[in-house]
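Novice: Please see the structure below; I have some questions.
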Amino acid sequence: MDRFSGLAVFVAAVEEGSLAAAARRLGMTPAMAGKHVAAIETALGVRLLHRTTRKLHLTGAGEDYYRRSRQILDSLDDADRAAREMQDEPRGLLRVTAPTTFGALHLGAPVAAFLRRYPAVRVEMALDDRFVDLVGGGFDLAIRIGTLPDSGLMMRRIAESGMMACAAPRYLAAKGRPSSPAELRDHDRLAFTRATSRGDWSFTDREGRTHSAEG
């Protein structure tokens with residue numbers, strides 16, 4: 001039987017004065033309440049209660065066990081209450097990671113507004129362009145730019161980020177100006193190696209068609 005349920009029955013029986021009253025308090029049958037207490041005594045090998053048809057009395061071991069059981073259940077109630085309060089009003093440490101430039105340019109105002117709304121929360125911001133192991137790094141939230149692979153993590157798109165292909169005038173003078181994405185296959189290209197999504201360069205035209213410059 002569930003140990004915490006057994007403790008709850010035992011404590012209720014002591015406080016109510018009988019197993020029948022404890023059963024009413026906890027919404028179970030008197031027979032089931034008796035089985036919970038009997039299971040505890042069997043596991044301990046100790047008699048906790050002297051029971052009659054109408055009354056019960058604690059043994060010496062039962063008095064100490066009741067006191068400790070009451071403390072355990074009170075601690076469990078406190079833990080439940082604290083968890084509910086955190087759901088109602090967030091509190092504690094929130095660890096966030098984001099790309100360096102993006103975080104410096106765009107996250108200051110939203111984070112400040114969040115902290116004004118939830119003053120019991122502390123935010124620790126780690127700005128880093130490396131791939132980050134959220135679980136191993138102890139992060140609660142990551143903001144990344146690019147196409148993310150399949151993951152067991154929960155993801156949500158918050159905005160779109162446009163990219164621009166650029167070339168130095170001296171390079172274009174030496175290599176020529178490409179007129180289509182396909183011609184980029186014959187050109188030297190630089191890509192940020194720490195980007196979340198690397199690989200081919202894809203361009204979308206005004207008709208919504210995608211053109212790949214993979215090469």
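Residue numbering restarts at 1 in every chain; chains get A, B, ... in the order shown in the structure tokens, and ligands count up from 1 in that same order.
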When DSSP is applied to the backbone of this structure, which of region 49-195 of chain A are assigned alpha helix (DSSP H)? Write them out as a PyMOL selection string.

Specialist: chain A and resi 60-88+100-106+108-117+134-137+169-175

Novice: Would you kindly return, as a compact mmCIF listing (two decimals) with N, CA, C and O atoms, in the first residue's frame, each protein, DNA or RNA residue with an atom no farther than 12 Å from any atom of region 41-45 of chain A, considering only C-alpha atoms and excluding same-chain residues fewer than 2 positions away?

Specialist:
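Generated output (part.txt):
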```txt
# COMPACT_ATOMS: atom_id res chain seq x y z
N MET A 1 0.83 -1.20 0.00
CA MET A 1 0.00 0.00 0.00
C MET A 1 0.87 1.26 0.00
O MET A 1 2.02 1.21 0.42
N ARG A 3 2.68 4.37 1.08
CA ARG A 3 3.17 4.70 2.42
C ARG A 3 2.58 6.00 2.94
O ARG A 3 2.21 6.11 4.12
N GLY A 6 -0.89 5.54 4.08
CA GLY A 6 -0.90 4.88 5.37
C GLY A 6 -0.61 5.84 6.50
O GLY A 6 -1.27 5.80 7.56
N LEU A 7 0.36 6.75 6.30
CA LEU A 7 0.65 7.74 7.33
C LEU A 7 -0.54 8.66 7.56
O LEU A 7 -0.86 9.01 8.70
N PHE A 10 -3.10 6.76 9.62
CA PHE A 10 -2.65 6.61 11.00
C PHE A 10 -2.81 7.92 11.76
O PHE A 10 -3.35 7.95 12.88
N GLY A 34 -8.33 0.35 8.32
CA GLY A 34 -7.69 -0.65 9.17
C GLY A 34 -6.56 -1.36 8.47
O GLY A 34 -5.52 -1.66 9.08
N LYS A 35 -6.72 -1.64 7.17
CA LYS A 35 -5.66 -2.31 6.42
C LYS A 35 -4.42 -1.43 6.30
O LYS A 35 -3.29 -1.93 6.35
N HIS A 36 -4.62 -0.12 6.14
CA HIS A 36 -3.48 0.79 6.03
C HIS A 36 -2.66 0.77 7.33
O HIS A 36 -1.43 0.67 7.30
N VAL A 37 -3.34 0.87 8.46
CA VAL A 37 -2.63 0.87 9.75
C VAL A 37 -1.98 -0.48 9.99
O VAL A 37 -0.83 -0.56 10.44
N ALA A 38 -2.67 -1.56 9.68
CA ALA A 38 -2.11 -2.90 9.86
C ALA A 38 -0.87 -3.09 8.99
O ALA A 38 0.11 -3.74 9.41
N ALA A 39 -0.89 -2.54 7.78
CA ALA A 39 0.26 -2.67 6.88
C ALA A 39 1.48 -1.97 7.46
O ALA A 39 2.61 -2.47 7.34
N ARG A 47 3.68 -2.70 17.35
CA ARG A 47 2.30 -2.30 17.59
C ARG A 47 2.26 -0.80 17.85
O ARG A 47 2.95 -0.30 18.74
N LEU A 48 1.49 -0.07 17.08
CA LEU A 48 1.38 1.38 17.24
C LEU A 48 0.12 1.77 17.98
O LEU A 48 0.10 2.80 18.69
N LEU A 49 -0.96 1.00 17.80
CA LEU A 49 -2.27 1.33 18.39
C LEU A 49 -2.84 0.13 19.11
O LEU A 49 -2.77 -1.00 18.61
N HIS A 50 -3.45 0.38 20.27
CA HIS A 50 -4.32 -0.61 20.91
C HIS A 50 -5.73 -0.24 20.51
O HIS A 50 -6.22 0.83 20.84
N THR A 59 0.43 3.30 21.64
CA THR A 59 1.49 2.67 22.43
C THR A 59 2.63 3.69 22.56
O THR A 59 2.61 4.77 21.95
N ALA A 61 5.62 3.40 21.31
CA ALA A 61 6.18 3.54 19.96
C ALA A 61 5.24 4.34 19.08
O ALA A 61 5.66 5.12 18.22
N GLY A 62 3.92 4.15 19.29
CA GLY A 62 2.93 4.86 18.48
C GLY A 62 2.95 6.36 18.70
O GLY A 62 2.76 7.14 17.77
N TYR A 65 5.87 7.65 16.79
CA TYR A 65 5.61 7.51 15.35
C TYR A 65 4.59 8.55 14.89
O TYR A 65 4.71 9.09 13.78
```

Novice: For Val111 (chain A), please output as a list in words all residues within 12 Å (counting only C-alpha atoms; exclusion window: fewer than 5 positions along the same chain).

Specialist: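 Using only C-alpha atoms, the neighbours found are Leu94, Arg95, Val96, Gly103, Ala104, Leu105, His106, Arg116, Arg117, Tyr118, Pro119, Val121, Arg122, Val123, Glu124 and Met125 of chain A.
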
Novice: Could you dump the residues just selected with all heavy atoms as a compact mmCIF listing (two decimals), in the first residue's frame?

Specialist:
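out-v4.txt, freshly written:
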```
# COMPACT_ATOMS: atom_id res chain seq x y z
N LEU A 94 15.58 32.00 -13.11
CA LEU A 94 15.30 31.63 -14.50
C LEU A 94 16.60 31.83 -15.28
O LEU A 94 17.08 32.96 -15.41
CB LEU A 94 14.19 32.49 -15.08
CG LEU A 94 13.83 32.23 -16.56
CD1 LEU A 94 13.21 30.84 -16.72
CD2 LEU A 94 12.88 33.29 -17.07
N ARG A 95 17.17 30.74 -15.80
CA ARG A 95 18.43 30.82 -16.54
C ARG A 95 18.13 30.79 -18.04
O ARG A 95 17.50 29.87 -18.55
CB ARG A 95 19.37 29.68 -16.16
CG ARG A 95 19.73 29.66 -14.67
CD ARG A 95 20.89 28.72 -14.39
NE ARG A 95 22.13 29.25 -14.92
CZ ARG A 95 22.94 28.58 -15.76
NH1 ARG A 95 22.62 27.37 -16.17
NH2 ARG A 95 24.07 29.13 -16.20
N VAL A 96 18.60 31.81 -18.75
CA VAL A 96 18.30 31.99 -20.17
C VAL A 96 19.59 32.11 -20.95
O VAL A 96 20.55 32.76 -20.50
CB VAL A 96 17.45 33.27 -20.39
CG1 VAL A 96 17.11 33.44 -21.87
CG2 VAL A 96 16.18 33.22 -19.55
N GLY A 103 20.92 39.11 -28.05
CA GLY A 103 20.59 39.40 -26.66
C GLY A 103 20.91 40.82 -26.28
O GLY A 103 20.12 41.50 -25.60
N ALA A 104 22.07 41.32 -26.72
CA ALA A 104 22.46 42.69 -26.39
C ALA A 104 21.53 43.71 -27.03
O ALA A 104 21.22 44.76 -26.43
CB ALA A 104 23.90 42.94 -26.83
N LEU A 105 21.04 43.43 -28.22
CA LEU A 105 20.21 44.40 -28.93
C LEU A 105 18.73 44.33 -28.56
O LEU A 105 18.05 45.36 -28.54
CB LEU A 105 20.35 44.20 -30.45
CG LEU A 105 21.70 44.54 -31.07
CD1 LEU A 105 21.69 44.18 -32.56
CD2 LEU A 105 22.02 46.02 -30.89
N HIS A 106 18.22 43.13 -28.27
CA HIS A 106 16.77 42.97 -28.21
C HIS A 106 16.20 42.48 -26.88
O HIS A 106 14.98 42.55 -26.69
CB HIS A 106 16.32 41.99 -29.31
CG HIS A 106 16.68 42.43 -30.69
ND1 HIS A 106 16.13 43.55 -31.29
CD2 HIS A 106 17.55 41.90 -31.59
CE1 HIS A 106 16.63 43.69 -32.51
NE2 HIS A 106 17.50 42.70 -32.72
N ARG A 116 9.67 43.37 -13.85
CA ARG A 116 8.70 44.27 -13.20
C ARG A 116 7.40 43.53 -12.93
O ARG A 116 6.74 43.75 -11.90
CB ARG A 116 8.44 45.49 -14.07
CG ARG A 116 9.59 46.51 -14.08
CD ARG A 116 9.15 47.84 -14.67
NE ARG A 116 8.73 47.71 -16.06
CZ ARG A 116 9.54 47.84 -17.09
NH1 ARG A 116 10.84 48.10 -16.89
NH2 ARG A 116 9.10 47.73 -18.33
N ARG A 117 7.02 42.66 -13.84
CA ARG A 117 5.76 41.93 -13.67
C ARG A 117 5.89 40.82 -12.64
O ARG A 117 4.95 40.54 -11.89
CB ARG A 117 5.33 41.33 -15.01
CG ARG A 117 4.01 40.59 -14.96
CD ARG A 117 3.57 40.17 -16.35
NE ARG A 117 2.28 39.49 -16.32
CZ ARG A 117 1.66 39.01 -17.39
NH1 ARG A 117 2.20 39.17 -18.59
NH2 ARG A 117 0.51 38.39 -17.27
N TYR A 118 7.07 40.18 -12.60
CA TYR A 118 7.29 39.07 -11.66
C TYR A 118 8.52 39.39 -10.80
O TYR A 118 9.62 38.86 -11.04
CB TYR A 118 7.50 37.76 -12.42
CG TYR A 118 6.35 37.40 -13.32
CD1 TYR A 118 6.47 37.47 -14.72
CD2 TYR A 118 5.13 36.99 -12.80
CE1 TYR A 118 5.41 37.13 -15.54
CE2 TYR A 118 4.06 36.65 -13.62
CZ TYR A 118 4.22 36.73 -14.99
OH TYR A 118 3.17 36.40 -15.81
N PRO A 119 8.38 40.22 -9.80
CA PRO A 119 9.53 40.67 -9.00
C PRO A 119 10.18 39.56 -8.18
O PRO A 119 11.32 39.74 -7.72
CB PRO A 119 8.92 41.75 -8.09
CG PRO A 119 7.46 41.42 -8.03
CD PRO A 119 7.11 40.87 -9.38
N VAL A 121 11.12 36.75 -9.33
CA VAL A 121 11.96 35.96 -10.22
C VAL A 121 13.30 36.67 -10.43
O VAL A 121 13.35 37.89 -10.57
CB VAL A 121 11.28 35.73 -11.59
CG1 VAL A 121 12.21 35.01 -12.56
CG2 VAL A 121 10.00 34.92 -11.42
N ARG A 122 14.38 35.91 -10.44
CA ARG A 122 15.70 36.41 -10.81
C ARG A 122 16.09 35.80 -12.15
O ARG A 122 15.92 34.60 -12.37
CB ARG A 122 16.75 36.05 -9.76
CG ARG A 122 16.53 36.71 -8.41
CD ARG A 122 17.58 36.29 -7.40
NE ARG A 122 17.49 34.86 -7.08
CZ ARG A 122 18.42 33.97 -7.38
NH1 ARG A 122 19.51 34.34 -8.03
NH2 ARG A 122 18.27 32.71 -7.04
N VAL A 123 16.58 36.62 -13.07
CA VAL A 123 16.96 36.15 -14.40
C VAL A 123 18.47 36.18 -14.54
O VAL A 123 19.11 37.20 -14.27
CB VAL A 123 16.32 37.02 -15.50
CG1 VAL A 123 16.84 36.59 -16.88
CG2 VAL A 123 14.80 36.91 -15.46
N GLU A 124 19.03 35.05 -14.92
CA GLU A 124 20.46 34.94 -15.22
C GLU A 124 20.60 34.74 -16.72
O GLU A 124 20.17 33.73 -17.27
CB GLU A 124 21.07 33.77 -14.46
CG GLU A 124 22.57 33.61 -14.69
CD GLU A 124 23.12 32.45 -13.90
OE1 GLU A 124 23.06 32.50 -12.65
OE2 GLU A 124 23.61 31.48 -14.54
N MET A 125 21.17 35.74 -17.41
CA MET A 125 21.26 35.72 -18.87
C MET A 125 22.67 35.35 -19.30
O MET A 125 23.65 35.99 -18.90
CB MET A 125 20.90 37.10 -19.42
CG MET A 125 20.88 37.18 -20.93
SD MET A 125 19.44 36.34 -21.65
CE MET A 125 18.13 37.38 -21.02
```

Novice: Give me the residues near region 79-88 of chain A as a PyMOL selection string, where near means some atom within 12 Å (using only C-alpha atoms) and where sequence neighbours in that chain fewer than 5 positions away do not count.

Specialist: chain A and resi 72-74+93+118+120-121
